[in-house]
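For reference, the structure discussed in these notes is given below.
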Amino acid sequence: MDNFQDNQYIPFPSVLLDVREENKTIKRFLVQLPDHLRQQKIIPGQFFQLSAIGYGEIPISVSDFDPEAGTIMFCIANTGSITTKFHQLSKDQLIGLRGPFGNGFPVTSFLGKNIVLLAGGIGLVPLRSVVSYFFRNPDAFNKIEILYGAKSTSDIIFRNEIKQWRLKPKTSFKMTIDNPEKGWSGNTGFVSNFLLSSYSEKSEILFAEDPEFKNTKVLVVGPPAMYKSVFNALSDIHFPDKEVLLSLENRMKCGIGKCGHCNCGSKYVCLDGPIFSWFELKNLPKEY
Amino acid sequence: MISEKISQQVKNLIQQEFKTGDVILSYQDSGTPGVMTPIFIHSKEDIGKILINSLCVNNLAVYLSSFFQSEYKDIKQKGRIIITAKPCDAKSVVQMISDEQIPNEKILLIVFECDGVTTSRLIKEKVNQEFSKIDIKDGKYIVTLQDKQSQSIQAEEVRVSKCKDGSLCDLPTYYDYYFVGTEKSSKIDQHSKVMTETPLLQERLSRTEFKKIVDTELEKCIRCYACRNICPACFCSEKCIIDKPKLAVPFLDKEVNLANNILFHMIRFNHVAPNCTECGECERVCPQEIKLSIFYHYFNRLVKKEFGFVSGKSDLERQKLLNYRLGEELV
Amino acid sequence: MEKNRLNKKDLGNFLTILKKHYSNIISPGLDDKNSPVFRLINSAQEIVLDKITPIKPPKEFLFPQSEELMTYDKNDSYTPTRIVEKTKFAIFGARPCDIKAIEYNNLFFGNKFNDPYYQSKRENLLLIGISCEFPSSSCFCTTMGISPVESSGSDLFLTNLGTDYLVEWVSDIGKAIQQFFAEILTEAKPEDEKMKIKIEETTRSKLVEEINLTEIKGKIIQTYDKEDLWKNYSEVCIACGACTFNCPTCTCFDVQEKMESLENGTRYRTWDSCQFYDFCLHASGHNPRGTKMQRLRQRILHKYQYSIDQLNQWSCTGCGRCIRSCPVGINTRSILKDIKEELHG
């Protein structure tokens, strides 16, 4: 009963290997993977329940997972009482880890597919795990296109990684910030612009390479406000709803479908999600 | 007994007064024998559903504050709120007006004379059986039992305990309509002070005795918060401090134990004491049957003694604890 | 199924033998106000079976209101609270509505991820059921497809035959302990089955109403957008949570940490209610179920639709406790009738 595998409620202590700032609200935490998880496949899009010991637990998506080094990386935004406690932690301190939970993106079914990643702001955090997966398993997909929209230049995260992504094979990267800024010569406007046929910087895959959407999936993660404009744009180009995957958020406590907080209709976001297809989302009540 | 005549008169008045956009708060049959349930009526056709009788024990004043609070985004009340109330409920309404929680121009307060109400639980205890139907006739409750037999009970045999104390059902000085005409049951003794003369209130108890009562009663609490939610005087609603343990009260955690229960109830006693009209709903709804009214009577009378303020009497008198006038002596 | 008769005079002996194998026996007794309540008993005299079922269900013995999950030490992380529930206990006198509720909870807590805290108690439980002869005016078990005399889900099941009880040894555990009682058991008679049917008919006739739900089973989600139907009840609802606390299949809980000192503390879980405002409240302030209408609808749909989608079973057993507990008289049967009318006109 004291074995961690039997009792999914008990967090495992993990050491923080590194803590650093991404932007003014987000910090990244590099955590030593516990031994019993080293053999387990952690699928991009899954999440862990992280405990700030003594304060509480929060569900955080995996941002990067390195099976050889045995590390896992999370990004936490300073928005509430427990996340504030996380931001006060530093290297070599302990946190509690429970998981991995959730269904994750079905990356094994992406063989031969073009993957368009549409990330709004902090949505880039879980999508980054898909990118890392691709770089470690280059035959898993055909190619990826990363479309990232940040609120402003000071909100941009993963700056170093972005530089590398621009250089990788079978990978393209475009980004935008919401409003024009002094010193910014790149795109401005919402990230859904990349889905408009009239936009000069529109998605290559959706409009040039696979305009009949035979082989493409779109992965969308972002704040709730972004989904509306993205879905409108995808409707306009008649992109099939079963091929759009997104990540839902809801209040969670147990992470294993028992406490009842995260339910959305007959689905639990922690068990049947957090990844749902747009088609499935249309059949769920709007309670997320 | 609250007569059918009163029920009909109230309905007729409402028919005349009702305008589109108004909402009526009254009572209807719930489908469970002996239980009347509140009803919100938005259109004229539904006025026929109203039924007022001596089983109407709910205090409808509790629903008023949410019409005027900004966090209730789905309630858009354009017209008036027509509320039917017993004198004890009317006091709650008047106290809310006095506390400026609800604007009196938006309320139409219809009061009906009452000589005591009862609950299905009290009737069940009296006949010592489950029943499938209750009819009211000639000042008696005719109870149809599960074996189809019937039994009749006098109204005064099953009155709620608060109704035995005449000092709790005085009419406030503010109301819009008042219908008289109870029939065929014995009047409540206006001089009876059975609720108010409990030992607790006469302050004859020692500290240890008082603590014993507190511990025995509050040990049973399961923190369902029904008492808080049904209380008209608790109008913090969704901003209640108890719901925000991390923000405001780090020492009140969600765990259910005697210490936390005492803290929760003490917070409520103190917050509510000046504007509590002793309607007794908290005790009625408690699933653990905790004798909450003894505490609320106690704190209420303390406030009355110290500040000379009687809640629920007048819409114009402001309670002393929330108001200060220049030059007033400091308490 | 193995059956025997047990003379009512031997109930005391029955309990004495039972106590040797199951040290704690929980049964309906009377509290200081003469209301029935499930609690630990020491003798057969304390058992009260001729009243309506206690308003608090026996779920607290398998799923306590507040339960410590683990302790923590800031320098060492979390240690699970030893689940030393090795004390075997028996619940004597649970009616089919409560037995079916425990059956549902077993399914729920064991689904996909196992809940070891619940399981360790369930493994040590012997569930002794009894036929229901005293329904309340709020009961509607037959509406939910449960018979007041059905024994499925229990370990052993008693039926009142007059001077004797009929004892059915239902589960493998029940069958395994039958031998311990051999001395006080007598043979069941063929006519005993008829007595069960008679009791079922009598109890059914005492129910205030029975609603046929077969046509709408699985279709209740179609009322999701009928806001007026839900508002009729949610306007009156005060969101107190009493219905969820007394419901035998409501199992939602909150998990919190409590500091005992600056270095250590505990993490515990405690009953939570989907009717509370902050149940779904996000840290950002967004509340997917911020109105009472949404929360009331969620409760009804969970009991009558989502549980079928997830586990292929109604989670409501018609015990009527929600109706008995509601401070403002909301009647779940009325809601079901309204839904039926809405779907079928």
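For the structure tokens, the naming scheme is as follows: chains receive sequential letters (A, B, ...) according to their order of presentation, residues are indexed from 1 within each chain, and ligands are indexed from 1 in presentation order.
In chain C, the set of residues within 6 Å of chain A (atoms considered: only C-alpha atoms) is Ser77, Cys252, Phe253, Glu257, Cys280, His282, Ala283, Pro288 and Tyr306 of chain C.
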Neighbour list for Val130 in chain A as JSON, numbers by chain, cut-off 8 Å, only C-alpha atoms, skip fewer than 6 positions in-chain:
{"A": [44, 45, 107]}
Would you save the residues of that selection, restricted to N, CA, C and O atoms, as a PDB file, in the first residue's frame?
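Result written to selection25.pdb:
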ATOM      1  N   PRO A  44       3.689  13.236 -25.067  1.00  0.00           N
ATOM      2  CA  PRO A  44       3.490  14.695 -25.133  1.00  0.00           C
ATOM      3  C   PRO A  44       2.024  15.036 -24.929  1.00  0.00           C
ATOM      4  O   PRO A  44       1.149  14.400 -25.515  1.00  0.00           O
ATOM      5  N   GLY A  45       1.745  16.053 -24.110  1.00  0.00           N
ATOM      6  CA  GLY A  45       0.360  16.429 -23.848  1.00  0.00           C
ATOM      7  C   GLY A  45      -0.138  15.896 -22.522  1.00  0.00           C
ATOM      8  O   GLY A  45      -1.180  16.328 -22.028  1.00  0.00           O
ATOM      9  N   VAL A 107       0.622  10.618 -30.558  1.00  0.00           N
ATOM     10  CA  VAL A 107       1.750  10.821 -31.480  1.00  0.00           C
ATOM     11  C   VAL A 107       2.088   9.590 -32.315  1.00  0.00           C
ATOM     12  O   VAL A 107       2.626   9.700 -33.403  1.00  0.00           O
TER      13      VAL A 107
END
What are the closest atom pairs, with distances in Å to one decimal, for each residue of range 188-249 of chain C lying within 8 Å of range 32-54 of chain B, using only C-alpha atoms, rows by chain and rising residue number, as CSV?
residue,atom,partner,partner_atom,distance
C:Asn232,CA,B:Phe40,CA,7.4
C:Glu235,CA,B:Phe40,CA,7.0
C:Val236,CA,B:Pro38,CA,6.2
Could you list, as a CSV table (one decimal) with C-alpha atoms, in the first residue's frame, the residues of chain C having an atom within 6 Å of chain B when counting only C-alpha atoms?
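result-v4.csv, written as the output of this step:
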chain,number,residue,atom,x,y,z
C,136,SER,CA,-40.4,6.8,3.5
C,206,LYS,CA,-46.7,2.2,0.2
C,208,VAL,CA,-46.0,7.6,-3.0
C,238,ILE,CA,-29.9,27.6,-2.0
C,240,CYS,CA,-26.3,24.3,0.4
C,241,GLY,CA,-25.0,20.8,-0.6
C,242,ALA,CA,-27.2,18.9,1.8
C,327,PRO,CA,-34.3,22.6,3.1
C,328,VAL,CA,-36.5,24.1,0.4
C,329,GLY,CA,-38.4,21.0,-0.7
Would you please give, as a PyMOL selection string, all residues of range 91-336 of chain C that DSSP assigns to strand (DSSP E) based on the backbone?
chain C and resi 91-94+125-130+156-160+164-169+185-187+253-259+264-271
For Asn275 in chain B, please output as a PDB file with N, CA, C and O atoms, in the first residue's frame all residues within 10 Å (counting only C-alpha atoms; exclusion window: fewer than 4 positions along the same chain).
ATOM      1  N   LYS B  91     -40.290  40.426   8.864  1.00  0.00           N
ATOM      2  CA  LYS B  91     -39.247  41.104   9.637  1.00  0.00           C
ATOM      3  C   LYS B  91     -37.890  40.970   8.968  1.00  0.00           C
ATOM      4  O   LYS B  91     -37.087  41.906   8.955  1.00  0.00           O
ATOM      5  N   SER B  92     -37.635  39.787   8.372  1.00  0.00           N
ATOM      6  CA  SER B  92     -36.357  39.615   7.660  1.00  0.00           C
ATOM      7  C   SER B  92     -36.281  40.564   6.483  1.00  0.00           C
ATOM      8  O   SER B  92     -35.233  41.151   6.213  1.00  0.00           O
ATOM      9  N   GLN B  95     -35.638  44.036   7.714  1.00  0.00           N
ATOM     10  CA  GLN B  95     -34.269  44.209   8.166  1.00  0.00           C
ATOM     11  C   GLN B  95     -33.314  44.363   6.998  1.00  0.00           C
ATOM     12  O   GLN B  95     -32.370  45.158   7.045  1.00  0.00           O
ATOM     13  N   MET B  96     -33.585  43.635   5.892  1.00  0.00           N
ATOM     14  CA  MET B  96     -32.708  43.771   4.728  1.00  0.00           C
ATOM     15  C   MET B  96     -32.852  45.163   4.114  1.00  0.00           C
ATOM     16  O   MET B  96     -31.877  45.737   3.618  1.00  0.00           O
ATOM     17  N   SER B  98     -33.624  47.811   5.837  1.00  0.00           N
ATOM     18  CA  SER B  98     -32.946  48.694   6.785  1.00  0.00           C
ATOM     19  C   SER B  98     -31.433  48.651   6.594  1.00  0.00           C
ATOM     20  O   SER B  98     -30.745  49.660   6.723  1.00  0.00           O
ATOM     21  N   ASP B  99     -30.913  47.460   6.238  1.00  0.00           N
ATOM     22  CA  ASP B  99     -29.475  47.316   6.004  1.00  0.00           C
ATOM     23  C   ASP B  99     -29.073  47.748   4.608  1.00  0.00           C
ATOM     24  O   ASP B  99     -27.926  47.567   4.209  1.00  0.00           O
ATOM     25  N   PRO B 232     -31.452  34.687   5.737  1.00  0.00           N
ATOM     26  CA  PRO B 232     -31.605  35.951   5.009  1.00  0.00           C
ATOM     27  C   PRO B 232     -30.593  36.997   5.474  1.00  0.00           C
ATOM     28  O   PRO B 232     -30.225  37.884   4.722  1.00  0.00           O
ATOM     29  N   ALA B 233     -30.126  36.862   6.705  1.00  0.00           N
ATOM     30  CA  ALA B 233     -29.201  37.857   7.221  1.00  0.00           C
ATOM     31  C   ALA B 233     -27.789  37.638   6.715  1.00  0.00           C
ATOM     32  O   ALA B 233     -26.954  38.524   6.792  1.00  0.00           O
ATOM     33  N   CYS B 234     -27.514  36.450   6.181  1.00  0.00           N
ATOM     34  CA  CYS B 234     -26.181  36.163   5.636  1.00  0.00           C
ATOM     35  C   CYS B 234     -26.168  36.575   4.185  1.00  0.00           C
ATOM     36  O   CYS B 234     -26.375  35.745   3.294  1.00  0.00           O
ATOM     37  N   HIS B 271     -21.201  37.674  12.956  1.00  0.00           N
ATOM     38  CA  HIS B 271     -21.529  38.478  11.780  1.00  0.00           C
ATOM     39  C   HIS B 271     -23.005  38.770  11.706  1.00  0.00           C
ATOM     40  O   HIS B 271     -23.429  39.805  11.218  1.00  0.00           O
ATOM     41  N   ASN B 300     -28.341  37.405  19.802  1.00  0.00           N
ATOM     42  CA  ASN B 300     -29.268  38.451  19.416  1.00  0.00           C
ATOM     43  C   ASN B 300     -29.683  39.299  20.612  1.00  0.00           C
ATOM     44  O   ASN B 300     -29.719  40.531  20.557  1.00  0.00           O
ATOM     45  N   VAL B 303     -26.991  41.634  21.784  1.00  0.00           N
ATOM     46  CA  VAL B 303     -26.911  42.851  20.971  1.00  0.00           C
ATOM     47  C   VAL B 303     -28.035  43.815  21.348  1.00  0.00           C
ATOM     48  O   VAL B 303     -27.827  45.023  21.477  1.00  0.00           O
ATOM     49  N   PHE B 309     -31.132  47.833  20.083  1.00  0.00           N
ATOM     50  CA  PHE B 309     -31.630  47.781  18.718  1.00  0.00           C
ATOM     51  C   PHE B 309     -32.431  46.512  18.517  1.00  0.00           C
ATOM     52  O   PHE B 309     -31.967  45.424  18.817  1.00  0.00           O
ATOM     53  N   VAL B 310     -33.653  46.634  17.998  1.00  0.00           N
ATOM     54  CA  VAL B 310     -34.479  45.470  17.712  1.00  0.00           C
ATOM     55  C   VAL B 310     -34.532  45.277  16.201  1.00  0.00           C
ATOM     56  O   VAL B 310     -34.997  46.167  15.487  1.00  0.00           O
ATOM     57  N   SER B 311     -34.062  44.124  15.727  1.00  0.00           N
ATOM     58  CA  SER B 311     -33.976  43.948  14.271  1.00  0.00           C
ATOM     59  C   SER B 311     -35.357  43.681  13.689  1.00  0.00           C
ATOM     60  O   SER B 311     -36.227  43.120  14.334  1.00  0.00           O
ATOM     61  N   GLY B 312     -35.535  44.096  12.457  1.00  0.00           N
ATOM     62  CA  GLY B 312     -36.716  43.757  11.690  1.00  0.00           C
ATOM     63  C   GLY B 312     -37.959  44.561  11.993  1.00  0.00           C
ATOM     64  O   GLY B 312     -39.032  44.290  11.458  1.00  0.00           O
ATOM     65  N   GLN B 319     -29.181  49.865  12.097  1.00  0.00           N
ATOM     66  CA  GLN B 319     -28.593  49.169  13.226  1.00  0.00           C
ATOM     67  C   GLN B 319     -27.307  49.867  13.674  1.00  0.00           C
ATOM     68  O   GLN B 319     -26.513  50.322  12.866  1.00  0.00           O
ATOM     69  N   LEU B 321     -24.524  48.970  14.972  1.00  0.00           N
ATOM     70  CA  LEU B 321     -23.168  48.504  14.736  1.00  0.00           C
ATOM     71  C   LEU B 321     -22.633  48.901  13.367  1.00  0.00           C
ATOM     72  O   LEU B 321     -21.449  48.821  13.109  1.00  0.00           O
TER      73      LEU B 321
END
